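A short write-up of the structure that comes next.
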Number of protein chains: 2
Amino acid sequence: MTRTTRRRVLPTTEELRVWRGFIETAEALRAELGARLQAECALSPGDYAVLLALSEAEERRLRSSQLADDIGWERSRLSHHLGRMEKRGLIRREECRTDNRGAEVVLTTEGSAAFRGATVPHLTAVRELFVDALTPEQLTAAGEIATALRAKLG
Amino acid sequence: MTRTTRRRVLPTTEELRVWRGFIETAEALRAELGARLQAECALSPGDYAVLLALSEAEERRLRSSQLADDIGWERSRLSHHLGRMEKRGLIRREECRTDNRGAEVVLTTEGSAAFRGATVPHLTAVRELFVDALTPEQLTAAGEIATALRAKLG
DNA sequence: CTCCTTTGATTGACACGTCAATCATCCGCC
DNA sequence: GGCGGATGATTGACGTGTCAATCAAAGGAG
């Protein structure tokens with residue numbers, strides 16, 4: 001009884017092995033990409049996400065909350081991160097003329113240059129470590145797996 | 001020329017879409033599992049990893065460096081984490097009798113109880129959010145994808 | 001036995017993330 | 001106009017992670 005009851009609830013050893021392999025590999029991949037970005041471009045993944053969103057924005061500026069939405073971050077996380085990026089001269093904060101509560105985040109010349117210098121190395125690394133590591137079928141399967149998992153996360 | 005040269009180096013839009021879906025979903029999954037563990041059991045994923053390794057060890061104790069190896073952490077990370085866990089009474093540090101430099105990490109009664117209380121909820125969540133979200137074929141594919149990716153990471 | 005290098009572990013500084021609290025402004029409603 | 005709740009953003013406290021520096025004990029070479 002215990003055996004059959006359990007099997008409906010707890011993963012088998014093999015399922016657990018796949019789970020660990022999957023989640024640890026994804027983490028290792030993220031870490032490796034991040035380390036290369038840091039080593040080659042002196043940017044963290046967070047910096048890259050912020051700079052990407054700003055680069056694509058009208059006039060290279062965004063309302064703080066809009067930026068947070070674009071990259072899927074909590075506001076406070078963004079606020080802390082912008083503080084660090086501002087210290088390094090990658091972005092600048094300006095007051096918003098249409099809403100005195102608001103802040104606008106502006107890409108600086110240095111920020112723009114840093115992003116331009118980072119994009120090719122970063123995308124090359126994505127290709128090398130992810131796209132080229134998989135067969136076309138596996139790449140398709142990876143997309144479907146992500147979709148299926150995301151559906152459960154709601 | 002630019003077009004063909006580029007295509008050998010940079011991912012296509014579709015490849016990039018898959019990449020983002022994959023890495024963001026893995027991250028979201030990790031976050032959700034971690035949040036549940038925290039909410040239901042008051043343990044972080046790090047706590048869980050440490051407690052799991054100690055639970056499986058002889059006499060529920062391990063040399064600090066052995067523990068770090070088991071869970072794949074840097075020593076300093078472990079040292080910081082053990083400090084926090086010790087404050088909460090989950091583990092205890094003892095001097096090592098065979099090597100005066102060494103420290104042994106010992107699972108306390110509370111630590112053991114916390115781990116016992118966490119394992120079923122955690123594994124259930126893994127089944128619900130990962131195993132049950134995928135078809136058997138997808139689960140197999142996920143394992144193969146992880147293996148292929150890991151091969152490139154060395 | 002005495003150097004001197006290696007090893008086990010900790011520490012400090014700093015980047016990153018989350019949560020709760022704060023604070024000013026905006027805006028609907030009377 | 002003015003009050004009161006929503007909204008935009010920042011801050012502080014704290015857990016987490018990495019890197020470089022530190023420090024004591026171990027262990028081999030002379």
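Ordered as shown in the structure tokens, chains take letters A, B, and onward, while each chain numbers its residues from 1 and ligands are numbered from 1 in the order shown.
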Exercise for review: Tell me, as a ChimeraX atom specification, which residues lie within 10 Å of DA15 of chain C, counting only C-alpha atoms (C1' of nucleotides); anything in the same chain fewer than 4 positions away does not count.
Suggested key: /A:44,81,84 /D:17-18
Check your understanding: Which residues, written as a PyMOL selection string, have at least one atom at most 12 Å from DG28 of chain D, with only C-alpha atoms (C1' of nucleotides) counted and residues fewer than 5 positions away on the same chain left out?
Key -> chain C and resi 2-6
Limited to N, CA and C atoms (P, O5', C5', C4', C3', O3' and C1' of nucleotides), could you put the picked residues into a file as a CSV table (one decimal), in the first residue's frame?
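Below you can see again.csv, which holds the result:
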```csv
chain,number,residue,atom,x,y,z
C,2,DT,P,63.9,23.2,15.8
C,2,DT,O5',63.9,23.6,14.3
C,2,DT,C5',65.2,23.9,13.7
C,2,DT,C4',64.9,24.4,12.2
C,2,DT,C3',63.8,25.4,12.1
C,2,DT,O3',64.2,26.2,11.0
C,2,DT,C1',63.2,23.6,10.8
C,3,DC,P,64.1,27.8,11.1
C,3,DC,O5',64.0,28.3,9.5
C,3,DC,C5',62.8,28.1,8.9
C,3,DC,C4',63.0,27.5,7.5
C,3,DC,C3',62.1,28.0,6.5
C,3,DC,O3',62.7,28.0,5.2
C,3,DC,C1',61.7,25.7,6.8
C,4,DC,P,62.3,29.2,4.1
C,4,DC,O5',61.6,28.3,3.0
C,4,DC,C5',61.6,26.9,3.0
C,4,DC,C4',60.3,26.4,2.3
C,4,DC,C3',59.4,27.5,1.9
C,4,DC,O3',58.7,27.1,0.7
C,4,DC,C1',58.3,26.1,3.4
C,5,DT,P,58.1,28.1,-0.3
C,5,DT,O5',57.0,27.3,-1.0
C,5,DT,C5',57.3,25.9,-1.4
C,5,DT,C4',56.1,25.0,-1.0
C,5,DT,C3',54.8,25.4,-1.6
C,5,DT,O3',54.2,24.4,-2.3
C,5,DT,C1',54.6,24.9,0.7
C,6,DT,P,52.9,24.6,-3.2
C,6,DT,O5',51.8,23.7,-2.4
C,6,DT,C5',52.2,22.4,-1.9
C,6,DT,C4',51.1,22.0,-0.9
C,6,DT,C3',49.7,22.2,-1.4
C,6,DT,O3',49.0,21.0,-1.3
C,6,DT,C1',50.0,23.0,0.8
```
Review point. Which is closest to chain B among A:Ser79, A:Ile71, A:Leu62, A:Val50, if we use only C-alpha atoms?
Key: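 The shortest atom-to-atom distance to chain B comes from A:Ile71.
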Practice item. Give the residues of chain B that lie within 10 Å of chain D; count only C-alpha atoms (C1' of nucleotides), and format the answer as a ChimeraX atom specification. Key: /B:44,46,74,76-77,80-81,84,99-102
Exercise for review: Could you list the residues in chain A lying within 9 Å of chain B, using only C-alpha atoms, and format the result as an MDAnalysis selection string?
Suggested key: chainID A and resid 9:11 15:19 21:30 32 120 123:131 133:134 138:153
Please, could you write that set of residues out with N, CA and C atoms as a tab-separated table (two decimals), in the first residue's frame?
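Wrote it out as again-v3.tsv, contents follow:
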```
chain	number	residue	atom	x	y	z
A	9	VAL	N	2.65	10.19	-5.61
A	9	VAL	CA	2.97	11.50	-5.04
A	9	VAL	C	4.45	11.87	-5.22
A	10	LEU	N	5.31	10.92	-4.93
A	10	LEU	CA	6.74	11.24	-4.96
A	10	LEU	C	7.38	10.77	-6.26
A	11	PRO	N	8.34	11.51	-6.75
A	11	PRO	CA	9.04	11.11	-7.98
A	11	PRO	C	9.85	9.84	-7.74
A	15	GLU	N	13.22	9.73	-12.11
A	15	GLU	CA	12.64	11.06	-12.34
A	15	GLU	C	13.42	12.13	-11.59
A	16	LEU	N	13.84	11.78	-10.41
A	16	LEU	CA	14.60	12.72	-9.59
A	16	LEU	C	15.98	12.98	-10.21
A	17	ARG	N	16.53	11.94	-10.80
A	17	ARG	CA	17.83	12.09	-11.47
A	17	ARG	C	17.71	13.07	-12.64
A	18	VAL	N	16.64	12.92	-13.42
A	18	VAL	CA	16.41	13.83	-14.54
A	18	VAL	C	16.19	15.25	-14.03
A	19	TRP	N	15.39	15.36	-12.99
A	19	TRP	CA	15.13	16.68	-12.41
A	19	TRP	C	16.42	17.38	-11.99
A	21	GLY	N	19.49	16.74	-12.92
A	21	GLY	CA	20.31	17.04	-14.09
A	21	GLY	C	19.81	18.28	-14.80
A	22	PHE	N	18.51	18.36	-14.94
A	22	PHE	CA	17.91	19.49	-15.66
A	22	PHE	C	18.17	20.80	-14.94
A	23	ILE	N	17.84	20.86	-13.70
A	23	ILE	CA	17.90	22.13	-12.98
A	23	ILE	C	19.34	22.55	-12.73
A	24	GLU	N	20.19	21.58	-12.48
A	24	GLU	CA	21.60	21.92	-12.24
A	24	GLU	C	22.29	22.36	-13.52
A	25	THR	N	21.92	21.75	-14.62
A	25	THR	CA	22.52	22.14	-15.89
A	25	THR	C	22.09	23.55	-16.28
A	26	ALA	N	20.81	23.83	-16.11
A	26	ALA	CA	20.32	25.17	-16.43
A	26	ALA	C	21.06	26.20	-15.58
A	27	GLU	N	21.24	25.88	-14.33
A	27	GLU	CA	21.95	26.80	-13.44
A	27	GLU	C	23.41	26.97	-13.86
A	28	ALA	N	24.05	25.86	-14.22
A	28	ALA	CA	25.46	25.93	-14.64
A	28	ALA	C	25.60	26.77	-15.92
A	29	LEU	N	24.63	26.61	-16.80
A	29	LEU	CA	24.64	27.35	-18.05
A	29	LEU	C	24.51	28.85	-17.78
A	30	ARG	N	23.57	29.17	-16.94
A	30	ARG	CA	23.37	30.57	-16.58
A	30	ARG	C	24.64	31.15	-15.96
A	32	GLU	N	27.74	30.12	-16.36
A	32	GLU	CA	28.82	30.23	-17.34
A	32	GLU	C	28.62	31.44	-18.24
A	120	VAL	N	27.51	41.15	-29.14
A	120	VAL	CA	28.03	40.07	-29.98
A	120	VAL	C	28.68	38.95	-29.16
A	123	LEU	N	25.78	36.96	-27.47
A	123	LEU	CA	24.98	36.13	-28.37
A	123	LEU	C	25.81	34.98	-28.94
A	124	THR	N	27.07	35.25	-29.16
A	124	THR	CA	27.96	34.18	-29.63
A	124	THR	C	28.04	33.07	-28.58
A	125	ALA	N	28.14	33.48	-27.35
A	125	ALA	CA	28.21	32.48	-26.27
A	125	ALA	C	26.91	31.68	-26.18
A	126	VAL	N	25.78	32.35	-26.36
A	126	VAL	CA	24.50	31.64	-26.35
A	126	VAL	C	24.47	30.60	-27.46
A	127	ARG	N	24.94	31.01	-28.60
A	127	ARG	CA	24.97	30.05	-29.71
A	127	ARG	C	25.88	28.88	-29.40
A	128	GLU	N	27.07	29.20	-28.93
A	128	GLU	CA	28.03	28.13	-28.67
A	128	GLU	C	27.54	27.16	-27.60
A	129	LEU	N	27.06	27.70	-26.48
A	129	LEU	CA	26.77	26.85	-25.33
A	129	LEU	C	25.37	26.26	-25.33
A	130	PHE	N	24.48	26.86	-26.09
A	130	PHE	CA	23.10	26.35	-26.08
A	130	PHE	C	22.71	25.84	-27.46
A	131	VAL	N	22.62	26.74	-28.42
A	131	VAL	CA	22.10	26.37	-29.74
A	131	VAL	C	22.95	25.27	-30.38
A	133	ALA	N	24.93	23.25	-28.99
A	133	ALA	CA	25.08	22.04	-28.17
A	133	ALA	C	23.96	21.05	-28.44
A	134	LEU	N	22.89	21.54	-29.06
A	134	LEU	CA	21.70	20.70	-29.25
A	134	LEU	C	21.47	20.40	-30.73
A	138	GLN	N	16.37	18.55	-30.67
A	138	GLN	CA	16.47	18.85	-29.24
A	138	GLN	C	16.12	20.31	-28.96
A	139	LEU	N	16.51	21.19	-29.87
A	139	LEU	CA	16.19	22.59	-29.70
A	139	LEU	C	14.67	22.79	-29.70
A	140	THR	N	14.03	22.16	-30.65
A	140	THR	CA	12.56	22.22	-30.69
A	140	THR	C	11.96	21.67	-29.40
A	141	ALA	N	12.48	20.50	-29.01
A	141	ALA	CA	11.97	19.87	-27.79
A	141	ALA	C	12.17	20.78	-26.58
A	142	ALA	N	13.31	21.46	-26.54
A	142	ALA	CA	13.59	22.37	-25.42
A	142	ALA	C	12.53	23.46	-25.34
A	143	GLY	N	12.16	23.98	-26.50
A	143	GLY	CA	11.12	25.00	-26.53
A	143	GLY	C	9.79	24.47	-26.02
A	144	GLU	N	9.47	23.25	-26.43
A	144	GLU	CA	8.19	22.68	-26.01
A	144	GLU	C	8.18	22.35	-24.52
A	145	ILE	N	9.31	21.87	-24.05
A	145	ILE	CA	9.42	21.57	-22.62
A	145	ILE	C	9.24	22.84	-21.80
A	146	ALA	N	9.90	23.92	-22.24
A	146	ALA	CA	9.76	25.18	-21.52
A	146	ALA	C	8.30	25.63	-21.50
A	147	THR	N	7.65	25.50	-22.64
A	147	THR	CA	6.24	25.90	-22.71
A	147	THR	C	5.38	25.07	-21.76
A	148	ALA	N	5.61	23.75	-21.76
A	148	ALA	CA	4.83	22.87	-20.90
A	148	ALA	C	5.06	23.21	-19.43
A	149	LEU	N	6.30	23.47	-19.06
A	149	LEU	CA	6.60	23.78	-17.67
A	149	LEU	C	5.98	25.11	-17.27
A	150	ARG	N	6.09	26.06	-18.17
A	150	ARG	CA	5.56	27.38	-17.89
A	150	ARG	C	4.04	27.33	-17.66
A	151	ALA	N	3.38	26.45	-18.42
A	151	ALA	CA	1.93	26.33	-18.27
A	151	ALA	C	1.56	25.95	-16.84
A	152	LYS	N	2.36	25.10	-16.22
A	152	LYS	CA	2.07	24.67	-14.85
A	152	LYS	C	2.39	25.75	-13.83
A	153	LEU	N	3.24	26.67	-14.22
A	153	LEU	CA	3.65	27.71	-13.27
A	153	LEU	C	2.64	28.85	-13.23
```
